[in-house]
Amino acid sequence: AARALPEVAGLPAASRVLDVGGGTGSWSLALAEVDPALTATVLELPDVARVAREHLRATEFSDRVDVHVGDVLADDLPRGHDTFLVANLVHYFTPERNRAVLHRLRLAAEPGARLLLADFWTDPTHTRPLPAALMAGEFAIHIDGGDVYSAEEAAAWLGATGWRPTGHEPLAGPFSLVKAEAV
């Protein structure tokens, strides 16, 4: 899914991406690979940030993808980004917490900034696509409060937090991308 992101995201050249909860930076690396002027900052908790720094240091993109230690729900967010990427994070949180994250990101975003939400988005009935719907059972067992959500639920959260939904497109497998713009 990360490899499909650059084409589906359609970011302008030289975007400045904040990769929220970006793990070791695989989604940011996929974007950097296709745009030699793109820069990204992976926002991660301290333990993951250490691993991410080591991983990114060993890549050819270490001069364009860096790591910032922080908690999206508690810390000041780094400024100066025109794109906010949230991949594989929404399903960990309750709807209330997702709205809180989206609100905090909107406060850090200038009008017109882009938001990319890559996750297991479903239809309104939460039954399609089937692989995404089946992940709900996995999340119910392993994640306290996590779930799969529909793209329509995401659109409602976005509208309530200062974002305008601009699309929902498939990525790969059960992953799809909800896109929005800061209003």
# chains A, B, ... in the order shown; residues from 1 in each chain; ligands from 1

$ closest_atom_pairs --of "stretch 32-98 of chain A" --to "stretch 140-158 of chain A" --cutoff "6 Å" --atoms "only C-alpha atoms" --output "tab-separated table"
residue	atom	partner	partner_atom	distance
A:His91	CA	A:Asp147	CA	5.0
A:Tyr92	CA	A:Gly146	CA	4.2
A:Phe93	CA	A:Gly146	CA	4.7
A:Thr94	CA	A:Gly145	CA	5.3

$ closest_atom_pairs --of "stretch 91-166 of chain A" --to "stretch 63-79 of chain A" --cutoff "12 Å" --atoms "only C-alpha atoms" --output "JSON lines"
{"residue": "A:Phe93", "atom": "CA", "partner": "A:Leu73", "partner_atom": "CA", "distance": 11.3}
{"residue": "A:Glu96", "atom": "CA", "partner": "A:Leu73", "partner_atom": "CA", "distance": 11.8}
{"residue": "A:Arg97", "atom": "CA", "partner": "A:Leu73", "partner_atom": "CA", "distance": 8.5}
{"residue": "A:Asn98", "atom": "CA", "partner": "A:Leu73", "partner_atom": "CA", "distance": 9.7}
{"residue": "A:Arg99", "atom": "CA", "partner": "A:Leu73", "partner_atom": "CA", "distance": 10.6}
{"residue": "A:Ala100", "atom": "CA", "partner": "A:Leu73", "partner_atom": "CA", "distance": 7.3}
{"residue": "A:Val101", "atom": "CA", "partner": "A:Leu73", "partner_atom": "CA", "distance": 6.2}
{"residue": "A:Leu102", "atom": "CA", "partner": "A:Val72", "partner_atom": "CA", "distance": 9.6}
{"residue": "A:His103", "atom": "CA", "partner": "A:Leu73", "partner_atom": "CA", "distance": 9.9}
{"residue": "A:Arg104", "atom": "CA", "partner": "A:Leu73", "partner_atom": "CA", "distance": 7.4}
{"residue": "A:Leu105", "atom": "CA", "partner": "A:Leu77", "partner_atom": "CA", "distance": 7.8}
{"residue": "A:Arg106", "atom": "CA", "partner": "A:Leu77", "partner_atom": "CA", "distance": 10.5}
{"residue": "A:Leu107", "atom": "CA", "partner": "A:Leu77", "partner_atom": "CA", "distance": 9.1}
{"residue": "A:Ala108", "atom": "CA", "partner": "A:Arg79", "partner_atom": "CA", "distance": 6.4}
{"residue": "A:Ala109", "atom": "CA", "partner": "A:Arg79", "partner_atom": "CA", "distance": 7.8}
{"residue": "A:Glu110", "atom": "CA", "partner": "A:Arg79", "partner_atom": "CA", "distance": 9.4}
{"residue": "A:Ala113", "atom": "CA", "partner": "A:Arg79", "partner_atom": "CA", "distance": 11.7}

$ closest_residue --among "A:Thr41, A:Thr83, A:Ser62, A:Thr122" --to "A:Gly10" --atoms "only C-alpha atoms"
A:Thr83

$ select_by_dssp --residues "stretch 32-156 of chain A" --states "alpha helix (DSSP H)" --output "PyMOL selection string"
chain A and resi 32-34+46-57+95-108+130-142+151-156

$ residues_around --residues "A:Val42" --least-positions-apart "5" --cutoff "10 Å" --atoms "only C-alpha atoms" --output "short mmCIF file (atom, residue, chain, number, x, y, z; two decimals) with C-alpha atoms, in the first residue's frame"
data_model
loop_
_atom_site.label_atom_id
_atom_site.label_comp_id
_atom_site.auth_asym_id
_atom_site.auth_seq_id
_atom_site.Cartn_x
_atom_site.Cartn_y
_atom_site.Cartn_z
CA VAL A 17 5.11 15.90 4.77
CA LEU A 18 4.46 15.29 8.46
CA ASP A 19 4.11 11.50 8.78
CA VAL A 20 2.13 11.11 12.02
CA GLY A 21 2.83 7.84 13.83
CA GLY A 22 4.98 6.95 10.84
CA GLY A 23 6.83 4.01 12.39
CA THR A 24 10.13 3.51 10.60
CA GLY A 25 9.13 5.86 7.79
CA SER A 26 8.13 3.38 5.07
CA TRP A 27 5.27 5.57 3.81
CA SER A 28 7.49 8.67 3.76
CA ALA A 49 11.73 7.19 16.99
CA ALA A 52 13.20 4.95 12.90
CA ARG A 53 16.33 7.12 13.07
CA VAL A 65 13.36 12.22 5.83
CA ASP A 66 13.95 12.95 9.48
CA VAL A 67 12.36 12.00 12.81
CA HIS A 68 10.73 14.17 15.45
CA VAL A 69 9.91 12.72 18.88
CA GLY A 70 6.39 13.54 19.93
CA LEU A 85 0.01 11.71 6.45
#

$ atom_distance --atom1 "atom CA of A:Ala136" --atom2 "atom CA of A:Ala2"
20.9 Å

$ closest_residue --among "A:Val90, A:Leu5, A:Leu134, A:Leu45" --to "A:Glu169" --atoms "only C-alpha atoms"
A:Leu5

$ closest_residue --among "A:Ala172, A:Ala160, A:Leu56, A:Ala118" --to "A:Leu29" --atoms "only C-alpha atoms"
A:Leu56

$ closest_residue --among "A:Arg57, A:Arg50, A:Arg128, A:Arg114" --to "A:Gly167" --atoms "only C-alpha atoms"
A:Arg114

$ select_by_dssp --residues "stretch 20-182 of chain A" --states "strand (DSSP E or B)" --output "compact mmCIF listing (two decimals) with N, CA, C and O atoms, in the first residue's frame"
# COMPACT_ATOMS: atom_id res chain seq x y z
N VAL A 20 2.56 11.26 10.63
CA VAL A 20 2.13 11.11 12.02
C VAL A 20 2.05 9.63 12.40
O VAL A 20 1.33 8.87 11.77
N THR A 39 10.34 16.48 1.18
CA THR A 39 10.93 16.24 2.50
C THR A 39 9.84 15.73 3.42
O THR A 39 8.65 16.03 3.23
N ALA A 40 10.23 14.96 4.43
CA ALA A 40 9.26 14.41 5.36
C ALA A 40 9.84 14.36 6.76
O ALA A 40 11.05 14.20 6.95
N THR A 41 8.95 14.49 7.72
CA THR A 41 9.28 14.34 9.13
C THR A 41 8.37 13.26 9.69
O THR A 41 7.14 13.38 9.61
N VAL A 42 8.96 12.22 10.24
CA VAL A 42 8.22 11.16 10.90
C VAL A 42 8.03 11.57 12.36
O VAL A 42 9.02 11.80 13.06
N LEU A 43 6.79 11.68 12.80
CA LEU A 43 6.48 12.00 14.19
C LEU A 43 6.19 10.69 14.91
O LEU A 43 5.25 9.98 14.56
N GLU A 44 7.03 10.38 15.90
CA GLU A 44 6.88 9.10 16.60
C GLU A 44 7.20 9.24 18.08
O GLU A 44 7.89 10.16 18.50
N VAL A 65 14.37 12.78 4.92
CA VAL A 65 13.36 12.22 5.83
C VAL A 65 13.99 12.16 7.21
O VAL A 65 14.98 11.47 7.42
N ASP A 66 13.42 12.93 8.13
CA ASP A 66 13.95 12.95 9.48
C ASP A 66 12.88 12.50 10.48
O ASP A 66 11.77 12.17 10.10
N VAL A 67 13.24 12.50 11.75
CA VAL A 67 12.36 12.00 12.81
C VAL A 67 12.24 13.07 13.88
O VAL A 67 13.23 13.69 14.26
N HIS A 68 11.02 13.25 14.34
CA HIS A 68 10.73 14.17 15.45
C HIS A 68 10.03 13.36 16.53
O HIS A 68 9.04 12.67 16.25
N VAL A 69 10.53 13.43 17.76
CA VAL A 69 9.91 12.72 18.88
C VAL A 69 8.71 13.52 19.35
O VAL A 69 8.82 14.72 19.63
N THR A 83 1.57 18.88 3.99
CA THR A 83 0.87 17.61 3.86
C THR A 83 1.00 16.85 5.18
O THR A 83 2.09 16.79 5.75
N PHE A 84 -0.12 16.28 5.61
CA PHE A 84 -0.14 15.48 6.84
C PHE A 84 -0.58 14.08 6.46
O PHE A 84 -1.65 13.89 5.88
N LEU A 85 0.26 13.11 6.77
CA LEU A 85 0.01 11.71 6.45
C LEU A 85 -0.25 10.94 7.74
O LEU A 85 0.56 11.01 8.68
N VAL A 86 -1.36 10.24 7.77
CA VAL A 86 -1.71 9.39 8.91
C VAL A 86 -2.01 8.01 8.33
O VAL A 86 -3.07 7.78 7.76
N ALA A 87 -1.04 7.11 8.43
CA ALA A 87 -1.18 5.78 7.84
C ALA A 87 -1.18 4.72 8.94
O ALA A 87 -0.30 4.71 9.80
N ARG A 114 -2.82 19.56 2.77
CA ARG A 114 -3.43 18.28 2.45
C ARG A 114 -3.34 17.32 3.62
O ARG A 114 -2.37 17.35 4.38
N LEU A 115 -4.33 16.43 3.71
CA LEU A 115 -4.35 15.36 4.70
C LEU A 115 -4.59 14.05 3.98
O LEU A 115 -5.49 13.96 3.14
N LEU A 116 -3.75 13.07 4.28
CA LEU A 116 -3.86 11.74 3.69
C LEU A 116 -4.07 10.73 4.82
O LEU A 116 -3.22 10.61 5.71
N LEU A 117 -5.19 10.02 4.79
CA LEU A 117 -5.52 9.02 5.80
C LEU A 117 -5.54 7.64 5.14
O LEU A 117 -6.50 7.30 4.44
N ALA A 118 -4.48 6.88 5.32
CA ALA A 118 -4.39 5.54 4.73
C ALA A 118 -4.74 4.52 5.80
O ALA A 118 -4.10 4.47 6.86
N ASP A 119 -5.76 3.71 5.53
CA ASP A 119 -6.18 2.72 6.53
C ASP A 119 -7.11 1.70 5.87
O ASP A 119 -7.27 1.70 4.66
N THR A 122 -13.87 1.16 5.14
CA THR A 122 -14.94 0.30 4.63
C THR A 122 -16.05 1.14 4.02
O THR A 122 -16.02 2.36 4.05
N SER A 150 -15.77 3.51 8.32
CA SER A 150 -16.12 3.77 6.92
C SER A 150 -15.55 5.11 6.48
O SER A 150 -15.28 6.00 7.29
N TRP A 163 -11.51 20.17 8.20
CA TRP A 163 -10.98 19.62 6.95
C TRP A 163 -12.13 19.43 5.97
O TRP A 163 -13.24 19.10 6.37
N ARG A 164 -11.84 19.56 4.69
CA ARG A 164 -12.82 19.30 3.64
C ARG A 164 -12.41 18.02 2.91
O ARG A 164 -11.34 17.96 2.30
N PRO A 165 -13.24 16.97 2.98
CA PRO A 165 -12.90 15.74 2.26
C PRO A 165 -12.79 16.01 0.75
O PRO A 165 -13.61 16.74 0.19
N THR A 166 -11.76 15.43 0.12
CA THR A 166 -11.57 15.63 -1.32
C THR A 166 -11.54 14.34 -2.11
O THR A 166 -11.41 14.38 -3.33
N GLY A 167 -11.63 13.20 -1.43
CA GLY A 167 -11.66 11.95 -2.17
C GLY A 167 -11.40 10.73 -1.30
O GLY A 167 -10.94 10.83 -0.16
N HIS A 168 -11.74 9.58 -1.87
CA HIS A 168 -11.48 8.28 -1.26
C HIS A 168 -11.14 7.33 -2.39
O HIS A 168 -11.95 7.12 -3.29
N GLU A 169 -9.91 6.80 -2.36
CA GLU A 169 -9.44 5.96 -3.46
C GLU A 169 -8.74 4.72 -2.93
O GLU A 169 -8.09 4.76 -1.88
N PRO A 170 -8.83 3.61 -3.67
CA PRO A 170 -8.12 2.40 -3.25
C PRO A 170 -6.61 2.58 -3.35
O PRO A 170 -6.12 3.32 -4.21
N SER A 176 -7.15 1.74 1.66
CA SER A 176 -7.57 2.82 0.79
C SER A 176 -7.17 4.14 1.43
O SER A 176 -6.70 4.18 2.57
N LEU A 177 -7.32 5.20 0.66
CA LEU A 177 -6.86 6.51 1.07
C LEU A 177 -8.00 7.51 1.08
O LEU A 177 -8.64 7.73 0.05
N VAL A 178 -8.23 8.11 2.23
CA VAL A 178 -9.16 9.23 2.36
C VAL A 178 -8.31 10.50 2.29
O VAL A 178 -7.33 10.61 3.02
N LYS A 179 -8.70 11.42 1.42
CA LYS A 179 -7.95 12.67 1.24
C LYS A 179 -8.81 13.85 1.66
O LYS A 179 -10.03 13.83 1.52
N ALA A 180 -8.13 14.87 2.20
CA ALA A 180 -8.83 16.07 2.62
C ALA A 180 -7.92 17.28 2.48
O ALA A 180 -6.71 17.14 2.27
N GLU A 181 -8.51 18.45 2.64
CA GLU A 181 -7.78 19.71 2.56
C GLU A 181 -8.22 20.59 3.73
O GLU A 181 -9.40 20.63 4.09
N ALA A 182 -7.26 21.30 4.33
CA ALA A 182 -7.57 22.20 5.44
C ALA A 182 -8.34 23.40 4.93
O ALA A 182 -7.96 24.01 3.93

$ closest_residue --among "A:Ala14, A:Gly80, A:Phe175, A:Glu60" --to "A:Leu130" --atoms "only C-alpha atoms"
A:Phe175

$ atom_distance --atom1 "atom CA of A:Val8" --atom2 "atom CA of A:Leu31"
10.7 Å

$ atom_distance --atom1 "atom CA of A:Trp121" --atom2 "atom CA of A:Ala1"
12.9 Å
